[in-house]
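See below for start-v7.pdb, which holds PDB, C-alpha atoms.
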```pdb
MODEL        1
ATOM      1  CA  MET A   1     -14.287 -35.952 -12.991
ATOM      2  CA  VAL A   2     -12.481 -37.783 -10.197
ATOM      3  CA  LEU A   3     -10.390 -34.686  -9.471
ATOM      4  CA  GLY A   4     -13.544 -32.565  -9.223
ATOM      5  CA  ASN A   5     -15.108 -35.003  -6.754
ATOM      6  CA  ASN A   6     -11.950 -34.980  -4.624
ATOM      7  CA  ILE A   7     -11.968 -31.186  -4.468
ATOM      8  CA  ARG A   8     -15.642 -31.152  -3.442
ATOM      9  CA  ASP A   9     -15.038 -33.794  -0.778
ATOM     10  CA  ARG A  10     -12.097 -31.833   0.682
ATOM     11  CA  PHE A  11     -14.171 -28.643   0.754
ATOM     12  CA  LYS A  12     -16.994 -30.446   2.564
ATOM     13  CA  ASN A  13     -14.551 -31.899   5.087
ATOM     14  CA  PHE A  14     -13.010 -28.432   5.543
ATOM     15  CA  ARG A  15     -16.424 -26.975   6.418
ATOM     16  CA  ARG A  16     -17.394 -29.989   8.548
ATOM     17  CA  ARG A  17     -14.300 -29.598  10.741
ATOM     18  CA  GLY A  18     -15.066 -25.921  11.255
ATOM     19  CA  SER A  19     -18.746 -26.487  12.039
ATOM     20  CA  GLN A  20     -18.127 -28.680  15.097
ATOM     21  CA  PRO A  21     -19.170 -26.891  18.325
ATOM     22  CA  GLU A  22     -15.890 -27.614  20.095
ATOM     23  CA  GLN A  23     -13.942 -26.118  17.196
ATOM     24  CA  ILE A  24     -16.086 -22.986  17.237
ATOM     25  CA  GLN A  25     -15.662 -22.617  20.998
ATOM     26  CA  GLN A  26     -11.896 -23.094  20.683
ATOM     27  CA  ILE A  27     -11.473 -20.445  17.996
ATOM     28  CA  GLN A  28     -13.568 -17.981  20.014
ATOM     29  CA  THR A  29     -11.370 -18.580  23.055
ATOM     30  CA  ASP A  30      -8.186 -18.160  21.026
ATOM     31  CA  LEU A  31      -9.361 -14.993  19.303
ATOM     32  CA  LEU A  32     -10.501 -13.507  22.607
ATOM     33  CA  ALA A  33      -7.022 -14.058  24.070
ATOM     34  CA  GLU A  34      -5.351 -12.606  20.960
ATOM     35  CA  SER A  35      -7.567  -9.499  21.001
ATOM     36  CA  THR A  36      -6.885  -8.575  24.619
ATOM     37  CA  LEU A  37      -5.042  -5.309  25.190
ATOM     38  CA  ASP A  38      -2.151  -6.386  27.429
ATOM     39  CA  PRO A  39       1.495  -5.394  28.054
ATOM     40  CA  SER A  40       2.776  -7.923  25.506
ATOM     41  CA  TYR A  41       0.652  -6.400  22.757
ATOM     42  CA  ILE A  42       1.726  -2.865  23.678
ATOM     43  CA  THR A  43       5.375  -3.938  23.665
ATOM     44  CA  LEU A  44       5.023  -5.395  20.180
ATOM     45  CA  ILE A  45       3.310  -2.242  18.933
ATOM     46  CA  VAL A  46       6.094  -0.036  20.307
ATOM     47  CA  GLY A  47       8.847  -2.252  18.888
ATOM     48  CA  SER A  48       7.241  -2.642  15.473
ATOM     49  CA  CYS A  49       6.494   1.087  15.195
ATOM     50  CA  ALA A  50      10.018   2.099  16.206
ATOM     51  CA  ILE A  51      11.624  -0.228  13.675
ATOM     52  CA  ALA A  52       9.232   0.791  10.890
ATOM     53  CA  THR A  53       9.657   4.518  11.579
ATOM     54  CA  PHE A  54      13.440   4.365  11.600
ATOM     55  CA  GLY A  55      13.320   2.284   8.439
ATOM     56  CA  LEU A  56      11.114   4.873   6.746
ATOM     57  CA  LEU A  57      13.339   7.739   7.883
ATOM     58  CA  SER A  58      16.443   5.965   6.589
ATOM     59  CA  ASN A  59      14.603   4.898   3.426
ATOM     60  CA  SER A  60      15.625   1.297   4.078
ATOM     61  CA  SER A  61      13.257  -1.383   2.795
ATOM     62  CA  ALA A  62      15.172  -4.090   4.688
ATOM     63  CA  VAL A  63      14.546  -2.401   8.046
ATOM     64  CA  ILE A  64      10.875  -1.883   7.200
ATOM     65  CA  ILE A  65      10.535  -5.588   6.445
ATOM     66  CA  GLY A  66      11.918  -6.271   9.920
ATOM     67  CA  ALA A  67       9.014  -4.313  11.393
ATOM     68  CA  MET A  68       6.565  -6.218   9.193
ATOM     69  CA  ILE A  69       7.576  -9.561  10.680
ATOM     70  CA  ILE A  70       6.439  -8.529  14.176
ATOM     71  CA  ALA A  71       2.844  -7.956  12.949
ATOM     72  CA  PRO A  72       1.088  -7.064  16.233
ATOM     73  CA  LEU A  73      -2.092  -5.695  14.617
ATOM     74  CA  MET A  74      -3.003  -8.932  12.841
ATOM     75  CA  LEU A  75      -4.341 -10.575  16.010
ATOM     76  CA  PRO A  76      -7.094  -8.132  17.087
ATOM     77  CA  ILE A  77      -8.210  -7.648  13.461
ATOM     78  CA  ARG A  78      -9.097 -11.325  13.211
ATOM     79  CA  GLY A  79     -10.868 -11.054  16.546
ATOM     80  CA  LEU A  80     -13.039  -8.093  15.545
ATOM     81  CA  ALA A  81     -13.811  -9.762  12.189
ATOM     82  CA  TYR A  82     -15.073 -12.944  13.839
ATOM     83  CA  GLY A  83     -16.792 -11.014  16.616
ATOM     84  CA  ALA A  84     -18.748  -9.015  14.039
ATOM     85  CA  LEU A  85     -19.768 -12.178  12.174
ATOM     86  CA  GLU A  86     -20.969 -13.990  15.288
ATOM     87  CA  GLY A  87     -22.449 -10.964  17.009
ATOM     88  CA  ASN A  88     -20.029 -11.542  19.884
ATOM     89  CA  VAL A  89     -20.008  -8.070  21.439
ATOM     90  CA  ILE A  90     -17.198  -8.799  23.896
ATOM     91  CA  LEU A  91     -14.848 -10.156  21.210
ATOM     92  CA  PHE A  92     -15.713  -7.372  18.770
ATOM     93  CA  ARG A  93     -15.223  -4.673  21.413
ATOM     94  CA  LYS A  94     -11.876  -6.077  22.550
ATOM     95  CA  GLY A  95     -10.662  -6.263  18.950
ATOM     96  CA  ILE A  96     -11.740  -2.693  18.167
ATOM     97  CA  ILE A  97     -10.138  -1.316  21.338
ATOM     98  CA  ALA A  98      -6.851  -3.117  20.651
ATOM     99  CA  VAL A  99      -6.717  -1.907  17.037
ATOM    100  CA  VAL A 100      -7.608   1.702  17.923
ATOM    101  CA  VAL A 101      -5.181   1.906  20.852
ATOM    102  CA  GLY A 102      -2.390   0.303  18.817
ATOM    103  CA  THR A 103      -3.009   2.655  15.895
ATOM    104  CA  ILE A 104      -3.072   5.813  18.027
ATOM    105  CA  LEU A 105       0.041   4.750  19.941
ATOM    106  CA  ALA A 106       1.922   4.082  16.686
ATOM    107  CA  VAL A 107       0.884   7.430  15.181
ATOM    108  CA  VAL A 108       2.009   9.308  18.305
ATOM    109  CA  MET A 109       5.333   7.456  18.353
ATOM    110  CA  ALA A 110       6.004   8.097  14.664
ATOM    111  CA  TYR A 111       5.084  11.769  15.110
ATOM    112  CA  SER A 112       7.461  12.106  18.073
ATOM    113  CA  LEU A 113      10.323  10.398  16.242
ATOM    114  CA  GLY A 114       9.667  12.528  13.167
ATOM    115  CA  MET A 115       9.834  15.719  15.245
ATOM    116  CA  LEU A 116      12.969  14.498  17.018
ATOM    117  CA  VAL A 117      14.890  13.550  13.870
ATOM    118  CA  ALA A 118      13.498  16.509  11.865
ATOM    119  CA  ILE A 119      14.508  15.282   8.409
ATOM    120  CA  PRO A 120      13.671  18.033   5.865
ATOM    121  CA  SER A 121      12.406  15.617   3.204
ATOM    122  CA  TYR A 122      11.385  11.980   3.145
ATOM    123  CA  GLY A 123      12.530   9.266   0.761
ATOM    124  CA  SER A 124      10.694   7.029  -1.663
ATOM    125  CA  GLU A 125       9.622   4.498   0.996
ATOM    126  CA  VAL A 126       7.520   7.161   2.735
ATOM    127  CA  LEU A 127       6.081   8.624  -0.457
ATOM    128  CA  ALA A 128       5.171   5.181  -1.804
ATOM    129  CA  ARG A 129       2.761   4.686   1.125
ATOM    130  CA  SER A 130       0.854   7.904   0.486
ATOM    131  CA  ARG A 131      -0.493   6.942  -2.955
ATOM    132  CA  PRO A 132      -2.762   3.898  -2.525
ATOM    133  CA  THR A 133      -4.484   2.278  -5.496
ATOM    134  CA  LEU A 134      -6.745  -0.689  -6.197
ATOM    135  CA  LEU A 135      -3.623  -2.842  -6.207
ATOM    136  CA  ASP A 136      -3.185  -2.180  -2.477
ATOM    137  CA  LEU A 137      -6.744  -3.352  -1.831
ATOM    138  CA  GLY A 138      -5.971  -6.579  -3.670
ATOM    139  CA  ILE A 139      -2.889  -7.100  -1.510
ATOM    140  CA  ALA A 140      -4.927  -6.545   1.658
ATOM    141  CA  VAL A 141      -7.645  -8.995   0.609
ATOM    142  CA  ALA A 142      -5.064 -11.671  -0.194
ATOM    143  CA  ALA A 143      -3.271 -11.081   3.126
ATOM    144  CA  GLY A 144      -6.517 -11.267   5.091
ATOM    145  CA  GLY A 145      -7.427 -14.532   3.420
ATOM    146  CA  ILE A 146      -4.071 -16.028   4.385
ATOM    147  CA  SER A 147      -4.532 -14.903   7.990
ATOM    148  CA  GLY A 148      -8.038 -16.310   8.300
ATOM    149  CA  TYR A 149      -7.029 -19.603   6.719
ATOM    150  CA  ALA A 150      -4.036 -19.872   9.038
ATOM    151  CA  LYS A 151      -6.341 -19.468  12.013
ATOM    152  CA  VAL A 152      -8.754 -22.242  10.995
ATOM    153  CA  GLN A 153      -5.900 -24.507   9.868
ATOM    154  CA  PRO A 154      -3.535 -25.024  12.841
ATOM    155  CA  LYS A 155      -0.964 -26.751  10.616
ATOM    156  CA  ILE A 156      -0.151 -23.414   9.024
ATOM    157  CA  SER A 157       2.229 -21.200  10.972
ATOM    158  CA  GLY A 158       0.631 -18.002  12.235
ATOM    159  CA  SER A 159       3.809 -16.106  11.480
ATOM    160  CA  VAL A 160       3.235 -16.626   7.749
ATOM    161  CA  ALA A 161      -0.072 -14.803   7.952
ATOM    162  CA  GLY A 162       1.423 -12.178  10.214
ATOM    163  CA  THR A 163       4.165 -11.363   7.759
ATOM    164  CA  ALA A 164       1.679 -10.990   4.911
ATOM    165  CA  ILE A 165      -0.634  -8.685   6.866
ATOM    166  CA  ALA A 166       2.113  -6.557   8.395
ATOM    167  CA  VAL A 167       3.199  -5.563   4.886
ATOM    168  CA  ALA A 168       0.029  -3.509   4.706
ATOM    169  CA  LEU A 169      -0.513  -2.155   8.230
ATOM    170  CA  MET A 170       2.308  -0.724  10.338
ATOM    171  CA  PRO A 171       4.268   1.264   7.698
ATOM    172  CA  PRO A 172       1.300   3.443   6.605
ATOM    173  CA  ILE A 173       0.433   4.145  10.250
ATOM    174  CA  CYS A 174       3.964   5.425  10.772
ATOM    175  CA  VAL A 175       3.732   7.540   7.614
ATOM    176  CA  ILE A 176       0.635   9.219   9.071
ATOM    177  CA  GLY A 177       2.681  10.335  12.069
ATOM    178  CA  LEU A 178       5.654  11.395   9.928
ATOM    179  CA  GLY A 179       3.369  13.471   7.732
ATOM    180  CA  LEU A 180       1.900  15.202  10.787
ATOM    181  CA  ALA A 181       5.428  15.900  12.053
ATOM    182  CA  GLN A 182       6.140  17.882   8.878
ATOM    183  CA  GLY A 183       2.684  19.417   8.652
ATOM    184  CA  ASN A 184       2.280  17.593   5.337
ATOM    185  CA  TRP A 185      -1.456  16.919   5.308
ATOM    186  CA  SER A 186      -1.537  15.333   1.849
ATOM    187  CA  LEU A 187       1.042  12.773   2.980
ATOM    188  CA  SER A 188      -0.926  11.898   6.121
ATOM    189  CA  ILE A 189      -4.257  11.742   4.286
ATOM    190  CA  GLY A 190      -2.825   9.451   1.617
ATOM    191  CA  ALA A 191      -1.329   7.145   4.255
ATOM    192  CA  THR A 192      -4.639   7.158   6.170
ATOM    193  CA  LEU A 193      -6.463   6.085   3.024
ATOM    194  CA  LEU A 194      -3.961   3.253   2.549
ATOM    195  CA  TYR A 195      -4.343   2.160   6.170
ATOM    196  CA  LEU A 196      -8.159   2.140   6.014
ATOM    197  CA  THR A 197      -8.065   0.308   2.682
ATOM    198  CA  ASN A 198      -5.857  -2.423   4.084
ATOM    199  CA  LEU A 199      -7.761  -2.621   7.357
ATOM    200  CA  LEU A 200     -11.121  -3.085   5.620
ATOM    201  CA  GLY A 201      -9.681  -5.415   2.985
ATOM    202  CA  ILE A 202      -8.099  -7.661   5.611
ATOM    203  CA  THR A 203     -11.247  -7.656   7.769
ATOM    204  CA  LEU A 204     -13.505  -8.499   4.835
ATOM    205  CA  SER A 205     -11.257 -11.309   3.664
ATOM    206  CA  CYS A 206     -11.035 -12.777   7.177
ATOM    207  CA  MET A 207     -14.833 -12.708   7.435
ATOM    208  CA  LEU A 208     -15.242 -14.575   4.152
ATOM    209  CA  THR A 209     -12.679 -17.175   5.205
ATOM    210  CA  PHE A 210     -14.442 -17.837   8.520
ATOM    211  CA  LEU A 211     -17.771 -18.097   6.670
ATOM    212  CA  VAL A 212     -16.463 -20.524   4.048
ATOM    213  CA  ALA A 213     -14.765 -22.616   6.740
ATOM    214  CA  GLY A 214     -18.130 -23.116   8.441
ATOM    215  CA  TYR A 215     -17.364 -21.229  11.647
ATOM    216  CA  THR A 216     -20.499 -19.129  11.218
ATOM    217  CA  SER A 217     -23.720 -19.228   9.214
ATOM    218  CA  LEU A 218     -24.652 -16.983   6.302
ATOM    219  CA  SER A 219     -27.907 -15.967   7.974
ATOM    220  CA  ARG A 220     -25.970 -14.593  10.936
ATOM    221  CA  ALA A 221     -23.061 -13.165   8.967
ATOM    222  CA  HIS A 222     -24.827 -11.450   6.056
ATOM    223  CA  ARG A 223     -25.430  -8.121   7.815
ATOM    224  CA  PRO A 224     -21.840  -7.464   9.034
ATOM    225  CA  LEU A 225     -20.572  -8.684   5.663
ATOM    226  CA  LEU A 226     -22.814  -6.193   3.844
ATOM    227  CA  TRP A 227     -21.645  -3.353   6.108
ATOM    228  CA  THR A 228     -17.986  -4.215   5.523
ATOM    229  CA  LEU A 229     -18.582  -4.498   1.780
ATOM    230  CA  ALA A 230     -20.307  -1.107   1.760
ATOM    231  CA  LEU A 231     -17.471   0.588   3.635
ATOM    232  CA  THR A 232     -14.923  -1.013   1.315
ATOM    233  CA  ALA A 233     -16.931   0.062  -1.740
ATOM    234  CA  VAL A 234     -16.755   3.691  -0.610
ATOM    235  CA  LEU A 235     -12.966   3.502  -0.851
ATOM    236  CA  LEU A 236     -13.145   2.201  -4.424
ATOM    237  CA  ILE A 237     -13.719   5.734  -5.735
ATOM    238  CA  PRO A 238     -10.445   7.347  -4.564
ATOM    239  CA  LEU A 239      -8.561   4.105  -5.133
ATOM    240  CA  GLY A 240      -9.921   3.869  -8.661
ATOM    241  CA  VAL A 241      -8.888   7.446  -9.392
ATOM    242  CA  SER A 242      -5.380   6.748  -8.085
ATOM    243  CA  PHE A 243      -5.157   3.576 -10.145
ATOM    244  CA  ALA A 244      -6.232   5.417 -13.289
ATOM    245  CA  ARG A 245      -3.542   8.018 -12.615
ATOM    246  CA  LEU A 246      -0.992   5.264 -12.123
ATOM    247  CA  VAL A 247      -1.855   3.835 -15.539
ATOM    248  CA  ARG A 248      -1.754   7.287 -17.138
ATOM    249  CA  GLN A 249       1.582   7.969 -15.456
ATOM    250  CA  GLY A 250       3.019   4.818 -16.976
ATOM    251  CA  GLN A 251       1.724   5.753 -20.422
ATOM    252  CA  LEU A 252       3.098   9.277 -20.042
ATOM    253  CA  GLU A 253       6.569   8.077 -19.043
ATOM    254  CA  MET A 254       6.653   5.690 -21.996
ATOM    255  CA  SER A 255       5.697   8.498 -24.374
ATOM    256  CA  LEU A 256       8.311  10.818 -22.896
ATOM    257  CA  ARG A 257      11.101   8.267 -23.133
ATOM    258  CA  SER A 258      10.060   7.394 -26.662
ATOM    259  CA  ALA A 259      10.138  11.065 -27.651
ATOM    260  CA  LEU A 260      13.447  11.832 -25.952
ATOM    261  CA  LEU A 261      15.270   8.738 -27.137
ATOM    262  CA  ASN A 262      13.790   7.888 -30.518
ATOM    263  CA  ARG A 263      11.718  10.564 -32.180
ATOM    264  CA  THR A 264      13.110  13.996 -31.382
ATOM    265  CA  VAL A 265      16.429  14.647 -33.072
ATOM    266  CA  THR A 266      17.176  17.685 -30.901
ATOM    267  CA  PHE A 267      17.036  15.544 -27.759
ATOM    268  CA  GLN A 268      19.429  12.831 -28.881
ATOM    269  CA  ARG A 269      22.147  14.015 -26.461
ATOM    270  CA  LEU A 270      19.763  14.202 -23.508
ATOM    271  CA  ARG A 271      19.287  11.568 -20.794
ATOM    272  CA  LEU A 272      16.096  11.318 -18.723
ATOM    273  CA  ILE A 273      16.901  10.615 -15.045
ATOM    274  CA  ASN A 274      13.504  10.923 -13.385
ATOM    275  CA  SER A 275      10.053  12.417 -13.849
ATOM    276  CA  ASN A 276       7.273  13.499 -11.509
ATOM    277  CA  THR A 277       3.726  14.538 -12.421
ATOM    278  CA  ASN A 278       1.492  16.944 -10.487
ATOM    279  CA  TRP A 279      -1.990  15.807 -11.509
ATOM    280  CA  LEU A 280      -3.670  18.492  -9.393
ATOM    281  CA  ALA A 281      -2.429  21.293 -11.659
ATOM    282  CA  ASN A 282      -4.443  22.330 -14.717
ATOM    283  CA  PRO A 283      -3.022  21.236 -17.081
ATOM    284  CA  PRO A 284      -0.970  18.613 -15.214
ATOM    285  CA  GLU A 285       2.678  19.571 -14.728
ATOM    286  CA  VAL A 286       5.428  17.088 -15.563
ATOM    287  CA  ARG A 287       8.810  17.854 -14.030
ATOM    288  CA  LEU A 288      11.660  16.153 -15.902
ATOM    289  CA  ILE A 289      15.115  15.739 -14.385
ATOM    290  CA  VAL A 290      17.548  15.294 -17.249
ATOM    291  CA  ARG A 291      21.249  15.449 -18.072
ATOM    292  CA  ALA A 292      22.363  17.085 -21.295
ATOM    293  CA  GLN A 293      25.504  18.182 -23.040
ATOM    294  CA  GLU A 294      23.672  21.009 -24.780
ATOM    295  CA  PRO A 295      21.157  23.572 -23.437
ATOM    296  CA  VAL A 296      17.446  22.798 -23.715
ATOM    297  CA  THR A 297      15.535  25.587 -25.471
ATOM    298  CA  PRO A 298      11.898  26.682 -24.972
ATOM    299  CA  ARG A 299      11.218  25.724 -28.588
ATOM    300  CA  GLN A 300      12.289  22.145 -27.907
ATOM    301  CA  VAL A 301      10.033  22.016 -24.839
ATOM    302  CA  GLN A 302       7.081  23.288 -26.889
ATOM    303  CA  LEU A 303       7.654  20.667 -29.597
ATOM    304  CA  LEU A 304       7.763  17.940 -26.959
ATOM    305  CA  GLU A 305       4.553  19.258 -25.344
ATOM    306  CA  ASN A 306       2.807  19.078 -28.716
ATOM    307  CA  PHE A 307       4.035  15.532 -29.260
ATOM    308  CA  ILE A 308       2.875  14.374 -25.802
ATOM    309  CA  GLU A 309      -0.539  15.975 -26.339
ATOM    310  CA  SER A 310      -0.959  14.079 -29.611
ATOM    311  CA  GLN A 311       0.053  10.821 -27.931
ATOM    312  CA  MET A 312      -1.938  11.177 -24.691
ATOM    313  CA  GLY A 313      -4.923  13.206 -25.886
ATOM    314  CA  GLN A 314      -4.341  15.667 -23.052
ATOM    315  CA  ARG A 315      -2.321  18.833 -22.577
ATOM    316  CA  PHE A 316       0.674  18.726 -20.204
ATOM    317  CA  THR A 317       3.043  21.436 -19.010
ATOM    318  CA  LEU A 318       6.645  20.225 -19.160
ATOM    319  CA  ILE A 319       9.280  21.631 -16.791
ATOM    320  CA  PHE A 320      12.893  20.621 -17.381
ATOM    321  CA  GLU A 321      15.518  20.510 -14.641
ATOM    322  CA  VAL A 322      18.718  20.225 -16.642
ATOM    323  CA  GLY A 323      22.068  19.099 -15.296
ATOM    324  CA  GLN A 324      24.837  20.033 -17.690
ATOM    325  CA  VAL A 325      27.248  17.236 -18.641
ATOM    326  CA  GLU A 326      30.787  18.114 -19.697
ATOM    327  CA  GLU A 327      33.240  15.570 -21.058
ATOM    328  CA  ILE A 328      36.823  15.996 -19.772
ATOM    329  CA  ARG A 329      39.732  13.860 -20.954
ATOM    330  CA  SER A 330      43.432  13.754 -20.170
ATOM    331  CA  GLN A 331      44.220  14.740 -23.760
ATOM    332  CA  ASP A 332      42.494  18.084 -23.203
ATOM    333  CA  ASP A 333      45.245  19.172 -20.785
ATOM    334  CA  GLN A 334      48.014  18.047 -23.125
ATOM    335  CA  SER A 335      46.655  20.093 -26.011
ATOM    336  CA  GLN A 336      46.878  23.376 -24.052
TER
ENDMDL
END
```

If you convert what's in this file into structure tokens, what do you get?
Amino acid sequence: MVLGNNIRDRFKNFRRRGSQPEQIQQIQTDLLAESTLDPSYITLIVGSCAIATFGLLSNSSAVIIGAMIIAPLMLPIRGLAYGALEGNVILFRKGIIAVVVGTILAVVMAYSLGMLVAIPSYGSEVLARSRPTLLDLGIAVAAGGISGYAKVQPKISGSVAGTAIAVALMPPICVIGLGLAQGNWSLSIGATLLYLTNLLGITLSCMLTFLVAGYTSLSRAHRPLLWTLALTAVLLIPLGVSFARLVRQGQLEMSLRSALLNRTVTFQRLRLINSNTNWLANPPEVRLIVRAQEPVTPRQVQLLENFIESQMGQRFTLIFEVGQVEEIRSQDDQSQ
């Protein structure tokens, strides 16, 4: 009971600090300065985009994390979120302009670097940012909440919030440009969906944090909140479909490994390296990269297809890419 009262008292004090007029004026001034399109912001966009693009091209997660730390887009997003809540047209307009200009500049840079390097195929870091799911929306909402809380609580370092948000923003923007450089529209569309998901999730979470902190009233904030919720809800359909496919993919891989390793005697000398599923085909096509000491026959593939259909309740077309494995020992030369 005492613990519950302490929590309520802290929450009331948290809102009371935010509701003071001088605090509201100060946060508006700070957000207006952060949302201004100036040379410093452009420099950060260029640097972050260059690092992220080179990291994506080299398939290096460590380099991509370096670009995340810069986090230039986090500042105007908070500004447009608060501007929308308060009906502050100047703040909202500055935030929108900074986000749009930064996004377009990053896409153009990534496209130019992609054309210059001209890598024939991209690695897993690029492909991973073209398949957003509901999990990505959850990450964006959590990151936006951290950013908003860091803004209303000066004791928290802004760089912490920046790092969290940058995980979701700059890399997918760069993937959009890289996809355009290859003429890969599906890659660019998937990355665009991820970017919009994270942008709306972060904005919505920032709005809720400012509202809970008492920096705006519900009567003033309900309309922009409803609009942001509606736009985010539209994205739930493709994200939900992708999430369902992710779950089905996991179930499919488990069934395949179980069949290859445990249940099918003819596949005992076969090792599964990787698998990839084309869900757009009818029926879906599963490409299996395997290593085997013996040839794989069409009859074996058919038996495995029947087993997977019984396990998954859906028909799949299996395509094997077999790498032959040959054992060679020093004794083999001595016996000749």

Residues matched by the PyMOL selection byres ((chain A and resi 27) around 10), written as a VMD selection string: chain A and resid 18 22 to 26 28 to 33 79 82 151 to 152 215

When you count all atoms listed in the file, which of these residues is closest to Ser60 (chain A): A:Gly87, A:Pro171, A:Asn282, A:Pro120?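 Looking at the shortest contact to Ser60 (chain A), the residue is A:Pro171.
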
Which residues, named as in the file, does the PyMOL selection byres ((chain A and resi 319) around 7) pick out? Answer as a PDB file with C-alpha atoms, in the frame of the given file.
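Written output follows (result-v5.pdb):
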```pdb
ATOM      1  CA  VAL A 286       5.428  17.088 -15.563  1.00  0.00           C
ATOM      2  CA  ARG A 287       8.810  17.854 -14.030  1.00  0.00           C
ATOM      3  CA  LEU A 288      11.660  16.153 -15.902  1.00  0.00           C
ATOM      4  CA  THR A 317       3.043  21.436 -19.010  1.00  0.00           C
ATOM      5  CA  LEU A 318       6.645  20.225 -19.160  1.00  0.00           C
ATOM      6  CA  PHE A 320      12.893  20.621 -17.381  1.00  0.00           C
ATOM      7  CA  GLU A 321      15.518  20.510 -14.641  1.00  0.00           C
TER       8      GLU A 321
END
```

I'd like the residues picked by the PyMOL selection byres ((chain A and resi 225-232) around 8) written out as a list in words, using the chain letters and numbers from the file. Leu85, Thr197, Leu200, Gly201, Thr203, Leu204, Met207, Ala221, His222, Arg223, Pro224, Ala233, Val234, Leu235 and Leu236 of chain A

Region 98-107 of chain A, all listed atoms, 6 Å padding on each side: what axis-aligned box centre and edge lengths in Å to one decimal come out, as AutoDock Vina command-line options?
```
--center_x -2.8 --center_y 2.2 --center_z 18.0 --size_x 21.5 --size_y 22.5 --size_z 17.7
```

At a cut-off of 8 Å around the point (-3.9, 18.5, -20.8) (file coordinates), what residues fall inside when counting all atoms listed in the file? I'd like the answer as an mmCIF file with C-alpha atoms, in the coordinates of the input.
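Printed below is out_26.cif as written:
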```cif
data_model
loop_
_atom_site.group_PDB
_atom_site.id
_atom_site.type_symbol
_atom_site.label_atom_id
_atom_site.label_comp_id
_atom_site.auth_asym_id
_atom_site.auth_seq_id
_atom_site.Cartn_x
_atom_site.Cartn_y
_atom_site.Cartn_z
ATOM 1 C CA ASN A 282 -4.443 22.330 -14.717
ATOM 2 C CA PRO A 283 -3.022 21.236 -17.081
ATOM 3 C CA PRO A 284 -0.970 18.613 -15.214
ATOM 4 C CA GLU A 309 -0.539 15.975 -26.339
ATOM 5 C CA GLY A 313 -4.923 13.206 -25.886
ATOM 6 C CA GLN A 314 -4.341 15.667 -23.052
ATOM 7 C CA ARG A 315 -2.321 18.833 -22.577
ATOM 8 C CA PHE A 316 0.674 18.726 -20.204
ATOM 9 C CA THR A 317 3.043 21.436 -19.010
#
```

For Gly47 (chain A), please output as a PyMOL selection string all residues within 12 Å (counting all atoms listed in the file; exclusion window: fewer than 6 positions along the same chain). chain A and resi 40-41+53-54+64+66-72+102+105-106+109-110+170

Kindly provide, as a list in words, the polymer residues lying within 7 Å of (19.6, 11.6, -14.0), counting all atoms listed in the file and using the coordinates exactly as they appear in the file.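 Within 7 Å of (19.6, 11.6, -14.0), the protein and nucleic acid residues are Arg271, Leu272, Ile273, Asn274, Ile289, Val290 and Arg291 of chain A.
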
Shell around Ile77 (chain A) at 7 Å using all atoms listed in the file, local window under 3 positions removed, as a count of residues only: 7

Could you please determine the separation between CA of Ile202 (chain A) and CA of Pro76 (chain A) in Å, to one decimal place?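 CA of Pro76 (chain A) lies 11.5 Å from CA of Ile202 (chain A).
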
What gap, in Å, lies between CA of Gly148 (chain A) and CA of Arg78 (chain A)? 7.1 Å

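Picture a line from CA of Asn198 (chain A) to CA of Asn59 (chain A); it runs 21.7 Å.
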
With the input short on atoms, add N, CA, C and O atoms back to region 237-244 of chain A and write it as a CSV table (one decimal), keeping the file's coordinate frame.
```csv
chain,number,residue,atom,x,y,z
A,237,ILE,N,-13.7,4.5,-4.9
A,237,ILE,CA,-13.7,5.7,-5.7
A,237,ILE,C,-12.3,6.4,-5.7
A,237,ILE,O,-11.7,6.5,-6.8
A,238,PRO,N,-11.8,6.8,-4.5
A,238,PRO,CA,-10.4,7.3,-4.6
A,238,PRO,C,-9.4,6.4,-5.0
A,238,PRO,O,-8.4,6.8,-5.7
A,239,LEU,N,-9.6,5.1,-4.7
A,239,LEU,CA,-8.6,4.1,-5.1
A,239,LEU,C,-8.6,3.9,-6.6
A,239,LEU,O,-7.6,3.8,-7.3
A,240,GLY,N,-9.8,4.0,-7.2
A,240,GLY,CA,-9.9,3.9,-8.7
A,240,GLY,C,-9.3,5.1,-9.4
A,240,GLY,O,-8.7,4.9,-10.4
A,241,VAL,N,-9.5,6.3,-8.8
A,241,VAL,CA,-8.9,7.4,-9.4
A,241,VAL,C,-7.4,7.3,-9.3
A,241,VAL,O,-6.7,7.7,-10.3
A,242,SER,N,-6.8,6.9,-8.2
A,242,SER,CA,-5.4,6.7,-8.1
A,242,SER,C,-4.8,5.7,-9.0
A,242,SER,O,-3.8,5.9,-9.6
A,243,PHE,N,-5.6,4.6,-9.2
A,243,PHE,CA,-5.2,3.6,-10.1
A,243,PHE,C,-5.2,4.1,-11.6
A,243,PHE,O,-4.2,3.8,-12.4
A,244,ALA,N,-6.2,4.9,-11.9
A,244,ALA,CA,-6.2,5.4,-13.3
A,244,ALA,C,-5.1,6.4,-13.5
A,244,ALA,O,-4.5,6.4,-14.6
```
